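Engineer: Pasting work.cif here (mmCIF, C-alpha atoms):
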```
data_final
loop_
_atom_site.label_atom_id
_atom_site.label_comp_id
_atom_site.auth_asym_id
_atom_site.auth_seq_id
_atom_site.Cartn_x
_atom_site.Cartn_y
_atom_site.Cartn_z
CA MET A 22 3.16 -32.58 295.01
CA GLY A 23 0.00 -34.06 296.48
CA VAL A 24 -2.02 -32.16 299.07
CA GLY A 25 -0.17 -29.05 300.27
CA VAL A 26 3.37 -30.29 299.63
CA SER A 27 4.16 -27.33 297.38
CA ALA A 28 2.43 -24.28 298.80
CA HIS A 29 3.50 -20.65 299.10
CA ARG A 30 6.78 -21.21 300.94
CA LEU A 31 8.30 -23.54 298.35
CA ALA A 32 6.78 -21.88 295.29
CA GLY A 33 7.80 -18.41 296.45
CA ALA A 34 11.34 -19.53 297.27
CA VAL A 35 11.82 -21.18 293.87
CA ALA A 36 10.43 -18.14 292.04
CA SER A 37 12.75 -15.86 294.01
CA LEU A 38 15.66 -17.78 292.49
CA GLY A 39 14.56 -16.83 288.98
CA ALA A 40 12.79 -20.11 288.25
CA MET A 41 9.10 -21.04 288.15
CA GLY A 42 7.66 -22.04 291.50
CA THR A 43 4.45 -24.05 291.38
CA ILE A 44 1.70 -24.25 294.00
CA SER A 45 -0.30 -27.48 294.11
CA SER A 46 -3.91 -26.28 294.32
CA VAL A 47 -5.51 -29.33 295.96
CA ASP A 48 -7.00 -28.95 299.46
CA LEU A 49 -4.82 -26.04 300.57
CA ARG A 50 -7.12 -25.29 303.52
CA ARG A 51 -4.99 -27.80 305.43
CA HIS A 52 -2.29 -25.13 305.75
CA HIS A 53 -4.68 -22.70 307.45
CA ALA A 54 -5.78 -23.34 311.03
CA ASP A 55 -8.79 -21.03 310.84
CA LEU A 56 -10.12 -22.74 307.72
CA MET A 57 -9.59 -26.19 309.20
CA ALA A 58 -11.40 -25.09 312.37
CA GLN A 59 -14.38 -24.24 310.15
CA THR A 60 -14.28 -27.30 307.89
CA GLY A 61 -12.05 -29.99 309.39
CA ARG A 62 -15.04 -31.98 310.65
CA SER A 63 -17.55 -30.61 308.17
CA ARG A 64 -19.51 -32.69 305.70
CA ASP A 65 -20.64 -29.60 303.83
CA LYS A 66 -19.06 -29.89 300.38
CA ALA A 67 -19.81 -26.26 299.49
CA ALA A 68 -18.15 -25.00 302.68
CA ILE A 69 -15.05 -27.15 302.09
CA ASN A 70 -14.73 -25.96 298.49
CA ALA A 71 -15.18 -22.33 299.55
CA ALA A 72 -12.47 -22.71 302.21
CA ASN A 73 -10.09 -24.18 299.65
CA LEU A 74 -10.60 -21.21 297.35
CA VAL A 75 -9.82 -18.84 300.21
CA ALA A 76 -6.69 -20.85 300.98
CA LEU A 77 -5.65 -20.85 297.33
CA ASP A 78 -5.97 -17.07 297.19
CA ARG A 79 -3.86 -16.69 300.32
CA GLU A 80 -1.18 -19.06 299.06
CA VAL A 81 -0.82 -17.40 295.65
CA ARG A 82 -0.54 -13.94 297.16
CA ALA A 83 1.96 -15.11 299.78
CA ALA A 84 4.10 -16.82 297.13
CA LEU A 85 4.13 -13.69 294.98
CA ALA A 86 5.26 -11.67 297.98
CA LEU A 87 8.11 -14.09 298.66
CA ALA A 88 9.12 -14.07 294.98
CA GLY A 89 9.55 -10.31 295.09
CA GLY A 90 8.91 -9.88 291.39
CA ARG A 91 11.45 -12.52 290.34
CA GLY A 92 10.82 -15.72 288.42
CA MET A 93 7.21 -16.85 288.04
CA VAL A 94 4.55 -18.21 290.39
CA ALA A 95 2.37 -20.90 288.82
CA VAL A 96 -0.54 -22.97 290.11
CA ASN A 97 -0.98 -26.61 289.18
CA VAL A 98 -4.63 -27.67 288.85
CA MET A 99 -5.43 -31.32 288.18
CA ARG A 100 -7.98 -31.72 285.39
CA ALA A 101 -9.29 -34.71 287.34
CA VAL A 102 -10.50 -32.69 290.33
CA ALA A 103 -14.18 -31.83 290.51
CA ASP A 104 -13.58 -28.12 291.20
CA TYR A 105 -11.00 -27.77 288.42
CA ALA A 106 -12.71 -24.77 286.76
CA ALA A 107 -13.13 -22.89 290.05
CA TYR A 108 -9.47 -23.48 290.98
CA VAL A 109 -8.32 -22.20 287.58
CA ARG A 110 -10.41 -19.04 287.82
CA GLN A 111 -9.40 -18.35 291.42
CA SER A 112 -5.72 -18.83 290.61
CA CYS A 113 -5.94 -16.26 287.83
CA ALA A 114 -7.91 -13.80 289.96
CA SER A 115 -5.36 -14.14 292.78
CA GLY A 116 -2.49 -13.17 290.48
CA ALA A 117 -0.93 -16.48 289.43
CA GLU A 118 1.37 -15.94 286.48
CA ALA A 119 0.87 -19.39 284.98
CA ILE A 120 -1.66 -22.22 285.14
CA VAL A 121 -0.27 -25.74 284.82
CA VAL A 122 -2.77 -28.55 284.18
CA GLY A 123 -2.22 -32.30 284.11
CA ALA A 124 -4.13 -35.49 285.05
CA GLY A 125 -6.35 -35.10 281.99
CA LEU A 126 -6.58 -33.08 278.80
CA PRO A 127 -7.35 -29.40 279.55
CA LEU A 128 -9.11 -28.75 276.25
CA ASP A 129 -11.26 -26.01 277.82
CA LEU A 130 -8.44 -24.08 279.51
CA PRO A 131 -8.43 -21.20 276.96
CA GLU A 132 -12.12 -20.55 277.64
CA LEU A 133 -11.70 -20.70 281.42
CA THR A 134 -8.89 -18.14 281.33
CA ALA A 135 -10.27 -15.85 278.61
CA ASP A 136 -10.55 -12.93 281.06
CA PHE A 137 -6.87 -13.29 281.97
CA PRO A 138 -4.95 -13.18 278.67
CA ASP A 139 -1.61 -12.48 280.35
CA VAL A 140 -1.64 -15.71 282.39
CA ALA A 141 0.58 -18.37 280.80
CA LEU A 142 -1.18 -21.67 280.04
CA ILE A 143 0.98 -24.79 280.39
CA PRO A 144 -0.57 -28.23 279.87
CA ILE A 145 1.17 -31.41 281.04
CA LEU A 146 1.16 -34.24 278.49
CA SER A 147 3.13 -37.43 278.04
CA ASP A 148 3.09 -38.26 274.34
CA ALA A 149 2.97 -36.61 270.94
CA ARG A 150 -0.54 -37.90 270.25
CA GLY A 151 -1.98 -36.01 273.21
CA ILE A 152 0.01 -32.91 272.31
CA ALA A 153 -1.36 -33.00 268.75
CA LEU A 154 -4.94 -33.33 269.97
CA LEU A 155 -4.58 -30.40 272.35
CA LEU A 156 -2.76 -28.13 269.89
CA LYS A 157 -5.33 -28.63 267.16
CA LYS A 158 -8.20 -28.00 269.59
CA TRP A 159 -6.62 -24.86 271.01
CA MET A 160 -5.68 -23.51 267.58
CA ARG A 161 -9.36 -23.49 266.65
CA ARG A 162 -9.78 -21.13 269.61
CA GLN A 163 -6.91 -18.91 268.42
CA ARG A 164 -4.75 -19.85 271.38
CA LEU A 165 -1.46 -21.71 271.74
CA PRO A 166 0.08 -23.04 274.95
CA ASP A 167 2.76 -20.78 276.40
CA ALA A 168 4.77 -23.93 277.09
CA ILE A 169 4.17 -27.67 277.22
CA ILE A 170 5.40 -29.95 280.00
CA ILE A 171 6.34 -33.38 278.68
CA GLU A 172 6.16 -35.77 281.65
CA ASN A 173 7.63 -39.25 281.31
CA PRO A 174 5.58 -41.77 283.34
CA HIS A 175 8.61 -44.08 283.46
CA TYR A 176 10.18 -41.76 286.06
CA ALA A 177 7.61 -39.32 287.44
CA ALA A 178 5.94 -39.23 290.84
CA GLY A 179 2.26 -39.18 291.72
CA HIS A 180 -0.29 -39.55 288.96
CA LEU A 181 1.24 -40.70 285.69
CA GLY A 182 0.35 -39.90 282.09
CA ALA A 183 -0.17 -43.50 280.96
CA PRO A 184 -3.70 -44.92 280.91
CA ARG A 185 -2.75 -48.33 282.37
CA LEU A 186 -0.05 -49.82 284.55
CA ASP A 187 1.31 -51.96 281.74
CA GLU A 188 1.95 -48.84 279.63
CA VAL A 189 3.93 -46.80 282.15
CA HIS A 190 7.26 -47.90 280.66
CA ALA A 191 6.22 -47.78 276.99
CA PRO A 192 8.92 -46.43 274.62
CA GLN A 193 6.51 -43.88 273.18
CA TYR A 194 7.00 -41.79 276.34
CA ALA A 195 10.80 -41.54 276.09
CA PHE A 196 11.95 -37.91 276.20
CA GLY A 197 13.87 -38.12 272.93
CA ALA A 198 10.95 -39.67 271.07
CA VAL A 199 8.38 -37.17 272.34
CA LEU A 200 10.62 -34.14 271.81
CA GLU A 201 11.42 -35.18 268.25
CA ALA A 202 7.79 -35.97 267.41
CA THR A 203 6.57 -32.70 268.96
CA GLN A 204 9.09 -30.63 267.02
CA ALA A 205 7.97 -32.35 263.81
CA LEU A 206 4.34 -31.66 264.78
CA LEU A 207 5.07 -27.95 265.29
CA ASP A 208 6.66 -27.84 261.84
CA GLU A 209 3.63 -29.59 260.33
CA LEU A 210 1.24 -27.12 261.97
CA GLY A 211 3.28 -24.12 260.90
CA ILE A 212 4.22 -23.17 264.47
CA ALA A 213 7.75 -21.87 265.01
CA ARG A 214 9.57 -24.28 267.33
CA GLU A 215 10.70 -21.46 269.61
CA ARG A 216 7.08 -20.30 270.01
CA ILE A 217 6.24 -23.10 272.47
CA PRO A 218 8.99 -24.03 274.95
CA LEU A 219 9.07 -27.74 275.76
CA ILE A 220 9.67 -28.52 279.45
CA VAL A 221 10.62 -32.09 280.34
CA ALA A 222 9.61 -33.61 283.67
CA GLY A 223 10.20 -36.89 285.45
CA GLY A 224 13.38 -38.16 287.06
CA VAL A 225 15.57 -35.09 286.46
CA HIS A 226 18.20 -35.06 289.20
CA ASP A 227 21.60 -33.81 288.00
CA HIS A 228 23.30 -31.20 285.83
CA GLU A 229 24.63 -33.46 283.09
CA GLN A 230 21.23 -35.06 282.66
CA ALA A 231 19.68 -31.60 282.26
CA ARG A 232 22.32 -30.68 279.65
CA ARG A 233 21.52 -33.83 277.66
CA LEU A 234 17.82 -32.98 277.71
CA PHE A 235 18.54 -29.42 276.52
CA ALA A 236 20.61 -30.90 273.70
CA LEU A 237 17.60 -33.01 272.67
CA GLY A 238 15.48 -29.87 272.32
CA ALA A 239 14.08 -29.25 275.79
CA SER A 240 13.83 -25.58 276.80
CA ALA A 241 13.65 -26.25 280.54
CA VAL A 242 13.27 -29.00 283.11
CA GLN A 243 10.68 -29.47 285.85
CA LEU A 244 11.50 -31.16 289.15
CA GLY A 245 9.00 -32.46 291.68
CA THR A 246 10.41 -34.85 294.26
CA PRO A 247 13.78 -33.04 294.59
CA PHE A 248 12.00 -29.78 295.42
CA ALA A 249 9.53 -31.52 297.77
CA VAL A 250 12.42 -32.52 300.07
CA THR A 251 14.11 -29.10 300.18
CA GLU A 252 14.18 -27.04 303.38
CA GLU A 253 11.47 -24.79 301.95
CA GLY A 254 9.13 -27.66 301.05
CA ASP A 255 5.78 -27.06 302.77
CA ALA A 256 5.31 -30.61 304.08
CA HIS A 257 6.27 -31.96 307.52
CA PRO A 258 9.96 -32.91 308.03
CA ALA A 259 8.92 -36.57 308.39
CA PHE A 260 7.41 -36.40 304.89
CA LYS A 261 10.78 -35.31 303.52
CA ARG A 262 12.61 -38.07 305.40
CA VAL A 263 10.31 -40.72 303.92
CA LEU A 264 10.99 -39.53 300.36
CA ALA A 265 14.71 -38.95 300.87
CA GLY A 266 15.23 -42.28 302.61
CA ALA A 267 13.45 -44.43 300.01
CA GLY A 268 15.55 -46.69 297.80
CA PRO A 269 14.53 -48.28 294.48
CA GLU A 270 13.08 -51.28 296.30
CA ASP A 271 10.81 -48.98 298.31
CA ILE A 272 9.08 -47.35 295.34
CA VAL A 273 6.00 -48.91 293.77
CA THR A 274 3.58 -48.13 290.93
CA PHE A 275 -0.12 -48.90 291.46
CA MET A 276 -3.59 -47.70 290.46
CA SER A 277 -4.79 -44.52 292.16
CA ALA A 278 -8.35 -43.80 293.17
CA ALA A 279 -8.26 -41.21 290.37
CA GLY A 280 -8.19 -44.07 287.86
CA LEU A 281 -4.60 -43.37 286.81
CA PRO A 282 -1.35 -45.20 287.54
CA ALA A 283 0.59 -43.55 290.36
CA ARG A 284 4.03 -43.92 291.94
CA ALA A 285 4.74 -43.68 295.68
CA VAL A 286 6.88 -44.96 298.53
CA ARG A 287 5.91 -48.39 299.83
CA THR A 288 5.03 -47.41 303.42
CA ALA A 289 3.16 -49.40 306.07
CA TRP A 290 -0.22 -48.18 304.87
CA LEU A 291 0.52 -48.71 301.17
CA ASP A 292 1.93 -52.18 301.81
CA GLY A 293 -1.23 -53.11 303.71
CA TYR A 294 -3.48 -51.65 301.05
CA LEU A 295 -1.71 -53.41 298.17
CA ALA A 296 -1.97 -56.74 300.01
CA LYS A 297 -5.76 -56.49 299.94
CA GLU A 298 -6.22 -54.38 296.81
CA GLU A 299 -7.48 -57.22 294.64
CA LYS A 300 -10.09 -58.19 297.23
CA LEU A 301 -11.21 -54.57 297.63
CA GLN A 302 -11.54 -54.15 293.88
CA ARG A 303 -13.67 -57.30 293.61
CA LYS A 304 -16.03 -55.86 296.22
CA ALA A 305 -16.07 -52.33 294.74
CA HIS A 306 -19.48 -50.66 294.80
CA ALA A 307 -20.80 -47.12 294.50
CA ARG A 308 -21.11 -45.24 297.79
CA ASP A 309 -21.20 -41.73 299.20
CA CYS A 310 -17.85 -39.95 299.43
CA VAL A 311 -16.31 -41.06 302.72
CA ALA A 312 -14.96 -37.52 303.33
CA ALA A 313 -18.04 -35.69 301.96
CA PHE A 314 -15.60 -33.77 299.77
CA ASP A 315 -16.08 -35.38 296.33
CA CYS A 316 -12.67 -34.05 295.35
CA LEU A 317 -12.39 -36.05 292.10
CA HIS A 318 -14.53 -36.11 288.96
CA GLN A 319 -14.05 -39.88 289.00
CA CYS A 320 -13.15 -41.68 292.21
CA GLY A 321 -12.55 -45.42 292.25
CA LEU A 322 -13.74 -45.77 295.85
CA ARG A 323 -16.83 -43.53 295.61
CA ASP A 324 -17.89 -44.69 292.16
CA GLY A 325 -17.17 -48.37 292.74
CA ASN A 326 -14.73 -48.65 289.83
CA PRO A 327 -13.05 -52.06 290.17
CA LYS A 328 -10.11 -51.02 287.96
CA ALA A 329 -9.15 -48.04 290.13
CA GLY A 330 -7.76 -47.65 293.64
CA GLN A 331 -10.13 -48.32 296.55
CA PHE A 332 -9.05 -45.70 299.07
CA CYS A 333 -9.70 -42.03 299.87
CA ILE A 334 -6.79 -40.28 298.22
CA ASP A 335 -7.34 -36.88 299.84
CA THR A 336 -7.27 -38.38 303.34
CA ARG A 337 -4.11 -40.38 302.66
CA LEU A 338 -2.25 -37.45 301.10
CA ALA A 339 -3.30 -35.22 304.00
CA TYR A 340 -1.79 -37.72 306.45
CA ALA A 341 1.45 -37.61 304.46
CA LEU A 342 1.51 -33.80 304.48
CA LYS A 343 1.42 -33.84 308.28
CA GLY A 344 4.17 -36.47 308.47
CA ASP A 345 1.99 -39.43 309.51
CA VAL A 346 4.32 -42.19 308.32
CA GLN A 347 1.96 -44.99 309.31
CA ARG A 348 -1.14 -43.76 307.49
CA GLY A 349 0.08 -41.45 304.73
CA LEU A 350 0.46 -41.90 300.97
CA PHE A 351 3.85 -40.50 299.94
CA PHE A 352 4.16 -39.82 296.22
CA ARG A 353 7.74 -40.04 294.92
CA GLY A 354 9.57 -40.30 291.60
CA SER A 355 11.64 -43.36 290.74
CA GLU A 356 15.08 -41.79 290.44
CA PRO A 357 17.81 -40.97 292.99
CA LEU A 358 17.63 -37.55 294.64
CA PRO A 359 20.33 -34.97 293.86
CA PHE A 360 21.59 -34.81 297.47
CA GLY A 361 20.77 -38.33 298.58
CA GLU A 362 19.15 -38.26 302.02
CA GLU A 363 20.21 -34.67 302.74
CA ILE A 364 17.59 -31.96 303.12
CA ARG A 365 19.08 -28.88 301.46
CA PRO A 366 17.84 -25.38 300.48
CA ALA A 367 16.07 -24.88 297.14
CA ARG A 368 18.94 -22.59 296.08
CA ASP A 369 21.39 -25.52 296.23
CA LEU A 370 19.10 -27.61 294.03
CA VAL A 371 18.63 -24.93 291.38
CA ARG A 372 22.36 -24.23 291.32
CA LEU A 373 23.17 -27.94 290.99
CA ILE A 374 20.80 -28.51 288.08
CA LEU A 375 21.79 -25.37 286.17
CA ASN A 376 25.53 -25.18 286.68
CA GLY A 377 26.66 -28.30 288.47
CA GLY A 378 26.63 -26.66 291.89
CA ARG A 379 29.05 -23.79 291.29
CA ASN A 380 28.65 -21.12 293.95
CA ASP A 381 28.42 -18.27 291.44
CA ALA A 382 25.54 -16.32 292.95
CA ALA A 383 25.55 -16.04 296.70
CA ASP A 384 22.80 -13.42 296.64
CA GLY A 385 19.86 -12.75 294.35
CA PRO A 386 18.49 -14.99 291.62
CA VAL A 387 20.56 -17.91 290.37
CA ARG A 388 21.72 -17.06 286.86
CA ASP A 389 23.18 -19.32 284.20
CA PRO A 390 23.38 -19.37 280.41
CA GLN A 391 21.40 -22.62 280.41
CA PRO A 392 17.56 -22.46 280.51
CA ALA A 393 16.10 -22.03 283.98
CA ALA A 394 14.61 -24.88 285.92
CA ALA A 395 10.83 -24.92 286.15
#
```
Show the structure stored in the file as structure tokens.
Structural biologist:
Amino acid sequence: MGVGVSAHRLAGAVASLGAMGTISSVDLRRHHADLMAQTGRSRDKAAINAANLVALDREVRAALALAGGRGMVAVNVMRAVADYAAYVRQSCASGAEAIVVGAGLPLDLPELTADFPDVALIPILSDARGIALLLKKWMRRQRLPDAIIIENPHYAAGHLGAPRLDEVHAPQYAFGAVLEATQALLDELGIARERIPLIVAGGVHDHEQARRLFALGASAVQLGTPFAVTEEGDAHPAFKRVLAGAGPEDIVTFMSAAGLPARAVRTAWLDGYLAKEEKLQRKAHARDCVAAFDCLHQCGLRDGNPKAGQFCIDTRLAYALKGDVQRGLFFRGSEPLPFGEEIRPARDLVRLILNGGRNDAADGPVRDPQPAAA
């Protein structure tokens, strides 16, 4: 969801439908004019981080108000961001009902949330090996995940759970393989299978596909790109048009500045960057953060890592949020969107995934005997 793409409006709307709406925690100050007036031109890292925590608090509380007590409001915090711990604690203090963590192994999440035992903890992982490592570590702390998101890098958008580009399509990440191996792991560890719901993510876009995944053992599905282009999505309309209008030939996988493979739409800026990427990587050298934000623990551009992307990811994602088609980085999954190029309400998307689009619930939460979309 990048910078600000899923904020209170989208997360609150999805939760109000009885599903789990997720706020992306990164750089949320960009949705608040007063905070941007204070920090938009600032090079004071502490002031920028403080503004983002204020924005996060506002967004969580606003999403909860929109949800009206239905569904769940979660916050996604990337393990790779420098202020990861502060974002986790602020999310809990603001009333988030779940913390979702990807882009790294959140081995310390139980400790960070110890004062908030009722907050659900949901790590994002891509293979059974990572799941085993996390489960065994958490079990020593007398804590189990409340669910696990299994994200397939073959299909997903944004940062992917494979360490290298040449592993993004590896068979070890296939949903069936990971679900089967995880269920066997739960049996081996003496954990009842129903104790930890398994949520699959990456490329989910229609009802029959969701049914097949449930039949394989998934408890729920998570959607990113399809929700990003809904009417309630918090990004600029031009952002949604870029994602909805992209065909298979327009989508590319490359190395992010975060040191992870990533998938996005091949726009003018990304085309230009990829044309000179090899040259930029050869010349990589350590430097001060160009935005004075130091948003990532490890940044290819700041740290001079020749194997990572050589661009400021926060700046590029912020351009995309505001609909700057020429300069933005537009993360997108690889698969077709449920409604093609149409921009539709979140309700239509939830109804389509859960019951094939039947108009069974004109008012109130969408209900269906199948597990709810996350």
Engineer: Considering all atoms listed in the file, give me a table of residues in range 219-251 of chain A that are at most 12 Å from range 335-351 of chain A, with the closest atom pair and distance in Å for each, as CSV.
Structural biologist:
```
residue,atom,partner,partner_atom,distance
A:Thr246,CA,A:Phe351,CA,10.4
A:Ala249,CA,A:Leu342,CA,10.7
A:Val250,CA,A:Phe351,CA,11.7
```
Engineer: Around all the atoms of range 97-108 of chain A listed in the file, with 8 Å of room on each side, what axis-aligned box do you get, giving centre and edge lengths in Å to one decimal, as AutoDock Vina command-line options?
Structural biologist:
```
--center_x -7.6 --center_y -28.8 --center_z 288.3 --size_x 29.2 --size_y 27.8 --size_z 21.8
```
Engineer: Pick from A:Asn70, A:Asn173, A:Thr43, A:Thr60: nearest to Gln111 in chain A, with only C-alpha atoms counted?
Structural biologist: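 So, comparing all the options, the nearest one is A:Asn70.
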Engineer: As an exercise, work out the distance from CA of Asn376 in chain A to CA of Ile169 in chain A in Å and give it to one decimal place.
Structural biologist: 23.5 Å
Engineer: When the PyMOL selection byres ((chain A and resi 92) around 10) is applied to the file above, which residues end up in the set, as a list in words?
Structural biologist: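 Given this file, the PyMOL selection byres ((chain A and resi 92) around 10) evaluates to Gly33, Ala34, Val35, Ala36, Ser37, Leu38, Gly39, Ala40, Met41, Gly42, Leu85, Ala88, Gly89, Gly90, Arg91, Met93, Val94, Ala95, Glu118, Pro386, Ala393 and Ala395 of chain A.
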Engineer: Here is a test: counting only C-alpha atoms, which residue of A:Cys333, A:Arg353, A:Tyr294, A:Gln243 is nearest to Pro269 in chain A?
Structural biologist: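 Smallest separation from Pro269 in chain A among the options: A:Arg353.
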Engineer: Quick one: residues within 6 Å of (18.1, -29.3, 305.4) (file frame), counting only C-alpha atoms, please, as a PyMOL selection string.
Structural biologist: chain A and resi 252+364-365
Engineer: Have a look at CA of Val225 in chain A and CA of Ala259 in chain A and let me know their distance in Å, one decimal.
Structural biologist: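 Going from CA of Val225 in chain A over to CA of Ala259 in chain A covers 23.0 Å.
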Engineer: Using only C-alpha atoms, which of A:Ala32, A:Leu181, A:Ala153, A:Leu206 sits nearest Met276 in chain A?
Structural biologist: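 Going through A:Ala32, A:Leu181, A:Ala153, A:Leu206 one by one, the smallest distance to Met276 in chain A is for A:Leu181.
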Engineer: Interatomic distance between CA of Val263 in chain A and CA of Ala283 in chain A?
Structural biologist: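 Answer for the CA of Val263 in chain A to CA of Ala283 in chain A separation: 16.9 Å.
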Engineer: For the provided coordinates, the residues matched by the PyMOL selection byres ((chain A and resi 324) around 9) should be stated as a list in words.
Structural biologist: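 Output of the PyMOL selection byres ((chain A and resi 324) around 9): Ala305, His306, Ala307, Arg308, Asp309, Cys310, Gln319, Cys320, Gly321, Leu322, Arg323, Gly325 and Asn326 of chain A.
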